[in-house]
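J.: To start, I am sharing the structure in question, which I have written as structure tokens.
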Amino acid sequence: MNNGDAARTRTFKGYRRANGAIGVRNHVLVLPSVMCANHVVDTIGRKVPEVVTVNHPTGCAQVGTDFEQTKRTMAGFAANPNVGAVLVVGLGCETNESKALAQEIAARGQRVEVIGIQESGGSSETIARGIALVRTLLDEVASIERVDCPLDALIIGTECGGSDGFSGITANPALGLASDRVVAEGGTVILAELPELVGAEHLLAARASEPVAAKLYELIERVEARARAMHVDIRFGNPTQGNMAGGLTTIEEKSLGAAYKGGSSELREVVEYAERPSERGLIVMDTPGQDIEQMTGMVAGGAQVVVFTTGRGTPTGCPIAPVIKVATNTLMFDRMRENMDVNAGAVLDGTRTLEQVGDEIFGWIVDAANGRETAAETLGFHDFAINRIGPSF
Amino acid sequence: MPLSDDGAALRLKDDDDVAVALRPLAPGDAVKFGPVSIKIIQAIPSGHKFAMHPIDAGALIHKYGQMIGRASAAIAAGHHVHVHNVEGVRGRGDLAETPS
């Protein structure tokens, strides 16, 4: 399981949680169990800006695997070790019962409180109670200090958004080199966005055991079956218009460039959206290519750090995890400098090698784990979206 | 990864049907990969592809040494290779039979 040799395992300064999980941030998260609690959550966040909040349009009139996926995502996100404590805010009549959600979060070893708007007697009283509760939670997590933690505890989510013709030449292969280093340290790397592996799946399957390869092919077939059921060419949505303006022509071309992000190690496991990997090393997670849903799914699956390559320029950030931005080209890096962390375009300029940029990305991962703020964190991005796989009823 | 002699283009694998412009290329530019010289026929934006040799309509097109799509029209060497003359082979739910 663990590829790392304990004697040589490198360390970083992280937060060791009561359940043994290791975080790189120490947030207090305020999470609505249902969209009807969004306003209350937002207001608590405005009054107490030290907490992080999310909004979403889910949590009611959902059934079956769609509902299970929503619950799994919320619980996994809240239990991510980058979060020190959680306040769940419910309405009272929602399908996604807030107390059951809080119990699921607690079962994963997370510190959690829960309040309901109907039970509290209205929104103002809920906001007042919520503010008092998050102040207590903030005091609790403030006493937790960074300690030496093994680098092999890191789960790195990889992502490409706003890809262009250079993504598969500069940023993604450089990230692949960093991914190989994470795996060599005994850590875990998640490769996701399944539609953007269509046409490249055989390259990954060749590096997997038979059952893992079979699961990968099954998930890829699921993507193409969805396109058949809708009678659409997925090229009308992916690659996007911006991807095409950047030179990408087909989904196969985009996928072949995207797959480089995972590096060259053995594919160890294929997991569902927001499912926590049980293996270490390279993992594939079934997420859509839509950036925010993908990022949320990987972080709900336990990723503490995300590395996000972009050619067109995507500012996306996660409320609870550092998202390291790697530009594929210098033109965009210079134009959107405030949103970028690493410039892989230097490879095309001839000023740096692919290996040097790979080392820089790996260094950034370790630095971010130690507490270095990414551009998206400094600018306050807190994007969040749960992937739906069924209709509301 | 063979870079063109002047660094203006990249052919990711030796037998790829296309190369990627690393800077904007103009009609009349000659891109040399050692003994092979491609005359650019159309403006090629940076990051976009041009044909390394004539490609028949219906032929599969390769980049990274892998299949990236099928020519939907004949493409001459030095021409822009993109959505106007290439279609995807995968994810083509539009070609699925209509359910009864």
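In the structure tokens, chains take letters A, B, ... by order of appearance, with residues numbered from 1 within each chain and ligands from 1 in the order shown.
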For stretch 73-87 of chain B, please output as number ranges by chain all residues within 7 Å (counting only C-alpha atoms; exclusion window: fewer than 2 positions along the same chain).
T.: A: 249-250; B: 38-42, 44, 49-57, 69-71, 89
J.: Counting only C-alpha atoms, which residues in chain B sit no more than 12 Å from chain A? For each one, give the nearest pair of atoms and the distance in Å, sorted by chain then residue number, as a Markdown table.
T.:
```
| residue | atom | partner | partner_atom | distance |
| --- | --- | --- | --- | --- |
| B:Met1 | CA | A:Ile169 | CA | 9.6 |
| B:Leu3 | CA | A:Leu348 | CA | 10.5 |
| B:Gly7 | CA | A:Leu348 | CA | 9.0 |
| B:Ala8 | CA | A:Leu348 | CA | 9.8 |
| B:Ala9 | CA | A:Leu348 | CA | 10.2 |
| B:Leu10 | CA | A:Ile169 | CA | 9.2 |
| B:Arg11 | CA | A:Ile169 | CA | 10.6 |
| B:Leu12 | CA | A:Ile169 | CA | 8.4 |
| B:Lys13 | CA | A:Ile169 | CA | 11.8 |
| B:Val18 | CA | A:Glu253 | CA | 11.7 |
| B:Ala19 | CA | A:Gly165 | CA | 10.9 |
| B:Val20 | CA | A:Gly165 | CA | 7.7 |
| B:Ala21 | CA | A:Gly165 | CA | 9.0 |
| B:Leu22 | CA | A:Leu348 | CA | 7.5 |
| B:Arg23 | CA | A:Leu348 | CA | 9.7 |
| B:Pro24 | CA | A:Gly247 | CA | 11.7 |
| B:Ile44 | CA | A:Gly247 | CA | 9.5 |
| B:Pro45 | CA | A:Gly247 | CA | 7.8 |
| B:Ser46 | CA | A:Gly247 | CA | 7.8 |
| B:Gly47 | CA | A:Gly165 | CA | 4.4 |
| B:His48 | CA | A:Gly247 | CA | 4.2 |
| B:Lys49 | CA | A:Gly247 | CA | 7.0 |
| B:Phe50 | CA | A:Gly247 | CA | 10.5 |
| B:Leu60 | CA | A:Glu252 | CA | 11.8 |
| B:Ile61 | CA | A:Glu253 | CA | 10.1 |
| B:His62 | CA | A:Glu253 | CA | 9.0 |
| B:Lys63 | CA | A:Glu253 | CA | 7.6 |
| B:Tyr64 | CA | A:Leu256 | CA | 7.5 |
| B:Gly65 | CA | A:Leu256 | CA | 9.9 |
| B:Gln66 | CA | A:Leu256 | CA | 7.9 |
| B:Met67 | CA | A:Glu252 | CA | 7.3 |
| B:Ile68 | CA | A:Glu253 | CA | 4.8 |
| B:Gly69 | CA | A:Thr250 | CA | 6.6 |
| B:Arg70 | CA | A:Thr250 | CA | 9.6 |
| B:Ala71 | CA | A:Thr249 | CA | 11.2 |
| B:His80 | CA | A:Gly247 | CA | 10.2 |
| B:Val81 | CA | A:Thr249 | CA | 8.2 |
| B:His82 | CA | A:Thr249 | CA | 5.3 |
| B:Val83 | CA | A:Thr249 | CA | 5.3 |
| B:His84 | CA | A:Thr249 | CA | 9.0 |
| B:Asn85 | CA | A:Thr249 | CA | 9.5 |
| B:Val86 | CA | A:Thr249 | CA | 7.2 |
| B:Glu87 | CA | A:Thr250 | CA | 6.8 |
| B:Gly88 | CA | A:Thr250 | CA | 5.2 |
| B:Val89 | CA | A:Glu252 | CA | 7.9 |
| B:Arg90 | CA | A:Gly199 | CA | 6.9 |
| B:Gly91 | CA | A:Glu224 | CA | 5.1 |
| B:Arg92 | CA | A:Asp233 | CA | 4.4 |
| B:Gly93 | CA | A:Arg228 | CA | 3.6 |
| B:Asp94 | CA | A:Val232 | CA | 4.2 |
| B:Leu95 | CA | A:His231 | CA | 7.1 |
| B:Ala96 | CA | A:Arg228 | CA | 5.6 |
| B:Glu97 | CA | A:Arg228 | CA | 8.3 |
| B:Thr98 | CA | A:His231 | CA | 7.8 |
| B:Pro99 | CA | A:Ala229 | CA | 8.9 |
```
J.: How many Å lie between atom CA of A:Gly371 and atom CA of A:Tyr273, rounded to one decimal?
T.: 27.1 Å
J.: So the first atom is atom CA of A:Cys93 and the second is atom CA of A:Glu113; what is the distance between them in Å, to one decimal place?
T.: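 If I compute the distance from atom CA of A:Cys93 to atom CA of A:Glu113, I get 18.2 Å.
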J.: Mind checking which residues fall within 8 Å of stretch 132-136 of chain A, counting only C-alpha atoms, ignoring those fewer than 2 positions away in the same chain, and posting them as a PyMOL selection string?
T.: chain A and resi 28+48+51+87+113+128-130+138-140
J.: Run DSSP on the backbone and grab whatever in stretch 79-288 of chain A lands in alpha helix (DSSP H); send it over as a ChimeraX atom specification.
T.: /A:79,98-107,117-120,123-142,171-184,201-205,210-230,241-245,251-258
